[in-house]
Amino acid sequence: MDELLWVGADAQARALRDGWVTAPELLAAVIRRAEALAPTVNAFRVLYLDSARAAAEDAQRRIEAGERTPLLGVPVAVKDDLDVAGDVTAQGGRPQFPAAEEDSVVVARLRAAGAVIVGRTRTPERCLWPFTESSVAAPTRNPWQLGRTPGGSSGGSAAAIAAGIVGAATGSDGGGSIRIPAAATGVFGLKTTRGLVPQTPGWHGLSSVGPLGRRVADAGAMLDVFTGESVYRAAVDAIPEPTRIALVWRTPVGRPRLDPAWRRAVLDTADRFRALGHRVTEVDLPLGPAPTPQFVLRYLRGVADDVARLPHPEWLERRTQAVAKIGRRVPDRVLRWALDAETGLQERMAGFFASQDVILQPTWTKTPPKVGLFHGRGLIATWLGVTARIPYFPTWNVLGYPVATVPVGQDALGMPIGVQLVGPADSERLLLSMSGQFENAHPWADRRPKI
């Protein structure tokens, strides 16, 4: 049973369909592991023990009646930014609103598909940071190195998968919040095309909901459920045609300094894609510095608008209040400029994708920081400390493109290393196919942290 915890959500669904395990048995193993790792990894804000057991019993009845869905009976985790009926949505801080009266669309679709929602995973306050720590809870830790962060803001979801608790979880990404923790913990993450997954728009179009999984197939199965389309899991098994891959080192703020191990991992990945029959060439994007001010303005004003609707903004951390204070100074006309200016970027990238199919980029510039490095720090110190580590992420939120984060290796500390595969809008199936092909040729998911 313990081995089944490490195979991923898609394989767990297959084991349930084939009768190798029952949904209540699988859930019991998940709960045991979640409770055992709560004092160290601290991936969950809350576990739904009673409702999860009832859902597992119901899923088992559906399985025995012959019903089949991609996640029927499979335990999954939900990031604490999506409403779950009967529970508060804390978003990493002190809850500001009463318990939700109904599920968000994604949660409702997971339930309808028979997925067993185990609990809510931790985030930093208001999902603002690339680490999962806040003033109201103990930090979430990286299963590979407990002294390191799993990233953020979907750090609890990524840590729960990397620790072998669940095989898949929800995430959201407004500036890298799926990709940052996926790369830090050695799991697969998929930032989806803006608007593909139903949600309330976040941070003026920067944020989108997406899946994280132990394997690429887990994310494909989750995305089938999120969208109601039966195309993404199948795409994982499809062998892609030879693809034109653009290896891009520069960002809108220049070419960052990369730790040698992380640079080597990108180059090795390029060589591996070449060996699979794809063409890889080093090129620059036709964007210049423009995505940076567009991201910053939408992010700042988005945080300010989020905080403005809270009944108790005084409960927030000092640095969160500081972000909102700056964001309130972004006037409507400047926000409109930032939103309208995206059109020019889209036109430039349309020309770029006429000669390229996919972009290959680094993720982190070096090993994720130690837990507590930014504890109690103010806004400027936090910003200066994190921005140099994550410059490869925000551009794709401005453009709303899908991005896959693929585990490709480890550094000298044993920490995972991941790369990004970026495609034009609605290219999720291509990204899943390429990621699945790479995973088959260079398996990663069988590696386990020693916890």
# chains A, B, ... in the order shown; residues from 1 in each chain; ligands from 1
call {"tool": "residues_around", "arguments": {"residues": "Val386 of chain A", "least_positions_apart": "5", "cutoff": "10 Å", "atoms": "only C-alpha atoms", "output": "list in words"}}
result
Trp129, Pro130, Phe131, Pro368, Pro369, Phe374, Ala381 and Pro391 of chain A
call {"tool": "closest_atom_pairs", "arguments": {"of": "segment 371-431 of chain A", "to": "segment 312-334 of chain A", "cutoff": "9 Å", "atoms": "only C-alpha atoms", "output": "CSV"}}
result
residue,atom,partner,partner_atom,distance
A:Gly376,CA,A:Arg318,CA,8.6
A:Arg377,CA,A:Arg319,CA,7.6
A:Gly378,CA,A:Arg319,CA,5.2
A:Leu379,CA,A:Arg319,CA,4.6
A:Ile380,CA,A:Arg319,CA,8.3
A:Thr382,CA,A:Arg319,CA,8.3
call {"tool": "closest_residue", "arguments": {"among": "A:Val88, A:Val358, A:Ala183, A:Ala350", "to": "Glu101 of chain A", "atoms": "only C-alpha atoms"}}
result
A:Val88
call {"tool": "closest_residue", "arguments": {"among": "A:Ser172, A:Thr395, A:Gln145, A:Thr387", "to": "Gly202 of chain A", "atoms": "only C-alpha atoms"}}
result
A:Ser172
call {"tool": "closest_atom_pairs", "arguments": {"of": "segment 61-177 of chain A", "to": "segment 216-238 of chain A", "cutoff": "9 Å", "atoms": "only C-alpha atoms", "output": "Markdown table"}}
result
| residue | atom | partner | partner_atom | distance |
| --- | --- | --- | --- | --- |
| A:Thr69 | CA | A:Val225 | CA | 8.5 |
| A:Pro70 | CA | A:Ala221 | CA | 5.6 |
| A:Leu71 | CA | A:Ala221 | CA | 7.0 |
| A:Val105 | CA | A:Phe226 | CA | 8.2 |
| A:Val106 | CA | A:Phe226 | CA | 5.6 |
| A:Val107 | CA | A:Phe226 | CA | 8.4 |
| A:Arg109 | CA | A:Val225 | CA | 6.3 |
| A:Leu110 | CA | A:Val225 | CA | 6.4 |
| A:Ala112 | CA | A:Val225 | CA | 8.9 |
| A:Ala113 | CA | A:Val225 | CA | 6.9 |
| A:Gly167 | CA | A:Asp218 | CA | 7.1 |
| A:Ala168 | CA | A:Asp218 | CA | 6.2 |
| A:Ala169 | CA | A:Met222 | CA | 8.2 |
| A:Thr170 | CA | A:Met222 | CA | 8.3 |
call {"tool": "select_by_dssp", "arguments": {"residues": "segment 300-429 of chain A", "states": "strand (DSSP E or B)", "output": "PyMOL selection string"}}
result
chain A and resi 358-362+370+403-410+416-422
call {"tool": "atom_distance", "arguments": {"atom1": "atom CA of Ile245 of chain A", "atom2": "atom CA of Leu360 of chain A"}}
result
6.6 Å
call {"tool": "atom_distance", "arguments": {"atom1": "atom CA of Asp446 of chain A", "atom2": "atom CA of Val187 of chain A"}}
result
10.9 Å
call {"tool": "closest_residue", "arguments": {"among": "A:Val166, A:Val403, A:Phe188, A:Ala28", "to": "Val7 of chain A", "atoms": "only C-alpha atoms"}}
result
A:Val166
call {"tool": "residues_around", "arguments": {"residues": "Arg61 of chain A", "least_positions_apart": "5", "cutoff": "12 Å", "atoms": "only C-alpha atoms", "output": "PDB file with N, CA and C atoms, in the first residue's frame"}}
result
ATOM      1  N   LEU A  16      -7.316   1.350  -8.860  1.00  0.00           N
ATOM      2  CA  LEU A  16      -8.687   1.316  -8.350  1.00  0.00           C
ATOM      3  C   LEU A  16      -9.627   0.655  -9.354  1.00  0.00           C
ATOM      4  N   ARG A  17      -9.492   1.003 -10.620  1.00  0.00           N
ATOM      5  CA  ARG A  17     -10.351   0.400 -11.655  1.00  0.00           C
ATOM      6  C   ARG A  17     -10.134  -1.104 -11.756  1.00  0.00           C
ATOM      7  N   THR A  22      -8.981  -0.689  -2.841  1.00  0.00           N
ATOM      8  CA  THR A  22     -10.251   0.032  -2.773  1.00  0.00           C
ATOM      9  C   THR A  22      -9.985   1.488  -2.423  1.00  0.00           C
ATOM     10  N   ALA A  23     -10.931   2.349  -2.747  1.00  0.00           N
ATOM     11  CA  ALA A  23     -10.775   3.773  -2.442  1.00  0.00           C
ATOM     12  C   ALA A  23     -10.616   4.025  -0.944  1.00  0.00           C
ATOM     13  N   PRO A  24     -11.391   3.374  -0.063  1.00  0.00           N
ATOM     14  CA  PRO A  24     -11.172   3.594   1.371  1.00  0.00           C
ATOM     15  C   PRO A  24      -9.785   3.137   1.831  1.00  0.00           C
ATOM     16  N   ALA A  54     -16.151   9.588   3.615  1.00  0.00           N
ATOM     17  CA  ALA A  54     -17.459   9.401   2.983  1.00  0.00           C
ATOM     18  C   ALA A  54     -17.327   9.432   1.462  1.00  0.00           C
ATOM     19  N   ALA A  55     -16.491  10.342   0.936  1.00  0.00           N
ATOM     20  CA  ALA A  55     -16.297  10.421  -0.510  1.00  0.00           C
ATOM     21  C   ALA A  55     -15.638   9.164  -1.051  1.00  0.00           C
ATOM     22  N   ALA A  56     -14.699   8.597  -0.287  1.00  0.00           N
ATOM     23  CA  ALA A  56     -14.043   7.359  -0.731  1.00  0.00           C
ATOM     24  C   ALA A  56     -15.025   6.198  -0.779  1.00  0.00           C
ATOM     25  N   GLY A  66     -19.303   0.055 -12.149  1.00  0.00           N
ATOM     26  CA  GLY A  66     -18.786   0.121 -13.513  1.00  0.00           C
ATOM     27  C   GLY A  66     -18.508   1.509 -14.032  1.00  0.00           C
ATOM     28  N   GLU A  67     -18.647   2.531 -13.192  1.00  0.00           N
ATOM     29  CA  GLU A  67     -18.397   3.894 -13.659  1.00  0.00           C
ATOM     30  C   GLU A  67     -16.897   4.129 -13.801  1.00  0.00           C
ATOM     31  N   ARG A  68     -16.534   4.962 -14.763  1.00  0.00           N
ATOM     32  CA  ARG A  68     -15.131   5.277 -14.996  1.00  0.00           C
ATOM     33  C   ARG A  68     -14.967   6.774 -15.247  1.00  0.00           C
ATOM     34  N   LEU A  72     -11.592   8.810 -10.451  1.00  0.00           N
ATOM     35  CA  LEU A  72     -12.588   8.206  -9.572  1.00  0.00           C
ATOM     36  C   LEU A  72     -11.920   7.450  -8.430  1.00  0.00           C
ATOM     37  N   GLY A  73     -12.162   7.925  -7.199  1.00  0.00           N
ATOM     38  CA  GLY A  73     -11.605   7.294  -6.014  1.00  0.00           C
ATOM     39  C   GLY A  73     -10.212   7.741  -5.641  1.00  0.00           C
ATOM     40  N   GLY A 114     -15.523  12.170  -8.907  1.00  0.00           N
ATOM     41  CA  GLY A 114     -15.266  11.144  -7.905  1.00  0.00           C
ATOM     42  C   GLY A 114     -13.913  11.227  -7.241  1.00  0.00           C
TER      43      GLY A 114
END
call {"tool": "select_by_dssp", "arguments": {"residues": "segment 123-271 of chain A", "states": "helix (DSSP H, G or I)", "output": "ChimeraX atom specification"}}
result
/A:125-127,155-162,179-185,216-227,232-237,260-271
call {"tool": "closest_residue", "arguments": {"among": "A:Val84, A:Val118, A:Ala445, A:Ala65", "to": "Arg53 of chain A", "atoms": "only C-alpha atoms"}}
result
A:Val118
call {"tool": "residues_around", "arguments": {"residues": "Pro416 of chain A", "least_positions_apart": "3", "cutoff": "12 Å", "atoms": "only C-alpha atoms", "output": "JSON, numbers by chain"}}
result
{"A": [142, 143, 144, 145, 148, 149, 150, 151, 162, 180, 181, 182, 183, 184, 185, 186, 187, 188, 261, 262, 265, 363, 364, 366, 367, 368, 405, 406, 407, 408, 409, 410, 411, 412, 413, 419, 444, 445, 447, 448, 449]}
call {"tool": "atom_distance", "arguments": {"atom1": "atom CA of Val296 of chain A", "atom2": "atom CA of Leu258 of chain A"}}
result
22.8 Å
